[in-house]
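Chemist: Structure incoming, see below.
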Amino acid sequence: MTFAEYWAHYTDVKKMLMFLALSLAFSVICVFYIIMIVTVQARFVPRSERRHFYYERANNTIQRFYEMVFSGASILSFLALYYLIDRFSPQGDFREFWDNYKDFLLLFMICFSIIFNNLLDRIIIPLKKLSRSERGSVRLLGMVYVILIFLYIKFIYENNNYDGFIMYFLGLMIGRFIYFDASFREGISTILESLKNFPLLILGLAYTGFMAYTGFTSDYLLVSNGVLVSTFIAHIFMIVAIFIVHHSHFMSIFIRKG
């Protein structure tokens with residue numbers, strides 16, 4: 001299939017709305033699951049502090065879940081873009097330029113993904129309940145999130161096309177601590193903070209798995225254009241669903257300030 005044929009397939013209005021409805025439904029299920037867990041946690045808090053604890057913890061946990069999805073989508077964005085350009089660029093001057101400098105261009109795409117992440121969680125869907133350290137720890141775990149997706153693609157789909165990306169991200173994660181942290185203690189602190197979000201990692205992977213399964217079984221997502229690109233497309237729908245849930249203020253019915 002050509003790029004134009006893929007575009008026509010993915011922009012079919014009926015299929016788009018059906019896939020968005022599924023994404024929206026599962027997004028609401030994830031949020032209600034978080035609310036249920038926080039409700040149980042609140043029972044162990046003194047009654048006088050219970051309403052405040054519930055309000056703050058529920059909002060904070062939901063927004064950390066959103067950040068997990070945004071982080072994964074941001075990383076997948078530049079990988080999908082890299083894959084699409086490398087696959088569909090026609091022969092000519094641009095193709096020659098791409099072949100010569102694509103490794104350097106990948107660095108610019110990484111910068112774009114950071115901007116994309118900031119645009120999502122600060123402007124489009126402001127996550128005001130997250131501290132700087134919480135945001136950073138979730139983004140770090142977002143790298144693990146993407147690596148696990150790659151491993152799923154490799155061993156379940158038996159697709160070895162992304163081995164280079166897997167090694168790249170493992171190196172990036174190791175470098176995150178060796179070169180960019182001020183001290184070993186700070187690195188350990190970041191890891192421990194990230195581990196607190198491990199249940200949200202599982203929830204995010206479940207959301208992604210559900211979207212991928214329904215997308216591929218319904219033939220809306222296509223393996224032929226790359227599982228990586230299809231997974232990123234699924235994340236676009238996940239972001240739109242989160243946008244609708246967040247800005248509809250529907251959850252304020254269940255999460256009221258005490």
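Going by the structure tokens order, chains are called A, B, ..., each with residues numbered from 1, while ligands are numbered from 1 in the order shown.
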Which polymer residues have any atom within 8 Å of an atom of segment 237-246 of chain A, counting only C-alpha atoms, with same-chain residues fewer than 4 positions away left out, as a PyMOL selection string?

Modeler: chain A and resi 19-20+23-24+27-28+66+69-70+124-125+233+250-251

Chemist: Write out as a list in words which residues come within 12 Å of Trp7 of chain A when counting only C-alpha atoms, dropping same-chain ones fewer than 6 positions away.

Modeler: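 The neighbour list is Met1, Val13, Met16, Tyr220, Leu221, Leu222, Asn225 and Ile233 of chain A.
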
Chemist: Go through segment 57-153 of chain A and flag each residue having an atom no more than 9 Å from segment 31-42 of chain A; for those, report the closest pair of atoms plus their distance in Å to one decimal, using only C-alpha atoms, ordered by chain and rising number, as a tab-separated table.

Modeler:
residue	atom	partner	partner_atom	distance
A:Arg57	CA	A:Val38	CA	6.8
A:Ala58	CA	A:Ile35	CA	6.0
A:Asn59	CA	A:Ile35	CA	8.9
A:Thr61	CA	A:Ile34	CA	7.2
A:Ile62	CA	A:Val31	CA	6.4
A:Phe65	CA	A:Val31	CA	8.6

Chemist: Residues at most 12 Å from Thr214 of chain A, counting only C-alpha atoms, excluding those fewer than 4 positions away in the same chain, as JSON, numbers by chain?

Modeler: {"A": [15, 18, 19, 20, 21, 22, 23, 26, 207, 208, 209, 210, 218, 219, 220, 221, 222, 230, 231, 234]}

Chemist: Considering only C-alpha atoms, state which residue in the set A:Leu81, A:Leu76, A:Leu203, A:Leu195 is at the smallest distance from His235 of chain A.

Modeler: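 Checking each of A:Leu81, A:Leu76, A:Leu203, A:Leu195 against His235 of chain A, counting only C-alpha atoms, the winner is A:Leu76.
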
Chemist: So the first atom is atom CA of Phe78 of chain A and the second is atom CA of Leu17 of chain A; what is the distance between them in Å, to one decimal place?

Modeler: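 That distance, rounded to one decimal, is 25.2 Å.
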
Chemist: Apply DSSP to the structure's backbone, then extract all residues of segment 9-169 of chain A labelled alpha helix (DSSP H) and return them as a VMD selection string.

Modeler: chain A and resid 9 to 10 13 to 42 47 to 88 93 to 119 132 to 155 163 to 169

Chemist: If we count only C-alpha atoms, what is near Ile110 of chain A at a cut-off of 12 Å, once residues fewer than 2 positions away on the same chain are taken out, given as a list in words?

Modeler: Ser74, Ile75, Leu76, Ser77, Phe78, Leu79, Ala80, Leu81, Tyr82, Asp103, Phe104, Leu105, Leu106, Leu107, Phe108, Phe112, Ser113, Ile114, Ile115, Phe116, Asn117, Phe169 and Leu172 of chain A

Chemist: Can those selected residues be exported to a file as a short mmCIF file (atom, residue, chain, number, x, y, z; two decimals), in the first residue's frame so that it contains C-alpha atoms?

Modeler:
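Below you can see part11.cif, which holds the result:
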data_model
loop_
_atom_site.label_atom_id
_atom_site.label_comp_id
_atom_site.auth_asym_id
_atom_site.auth_seq_id
_atom_site.Cartn_x
_atom_site.Cartn_y
_atom_site.Cartn_z
CA SER A 74 5.74 11.30 22.80
CA ILE A 75 8.49 8.70 22.49
CA LEU A 76 6.53 6.73 19.90
CA SER A 77 5.90 9.94 17.94
CA PHE A 78 9.50 10.47 16.84
CA LEU A 79 10.09 6.75 16.31
CA ALA A 80 7.00 6.50 14.09
CA LEU A 81 8.02 9.64 12.20
CA TYR A 82 11.51 8.24 11.68
CA ASP A 103 21.09 9.75 12.63
CA PHE A 104 21.51 13.46 13.31
CA LEU A 105 17.91 14.16 12.35
CA LEU A 106 16.85 11.57 14.91
CA LEU A 107 18.26 13.88 17.59
CA PHE A 108 16.03 16.71 16.38
CA PHE A 112 10.44 17.42 19.07
CA SER A 113 9.10 14.59 21.24
CA ILE A 114 10.04 16.52 24.40
CA ILE A 115 8.24 19.60 23.10
CA PHE A 116 5.26 17.41 22.18
CA ASN A 117 5.15 15.97 25.71
CA PHE A 169 16.54 3.08 24.56
CA LEU A 172 19.49 6.10 26.78
#

Chemist: I'd like the contact shell of Arg64 of chain A - 9 Å cut-off, only C-alpha atoms, skipping same-chain residues fewer than 3 positions apart - returned as number ranges by chain.

Modeler: A: 59-61, 67-69, 127, 129-130, 134-135, 138, 197, 200
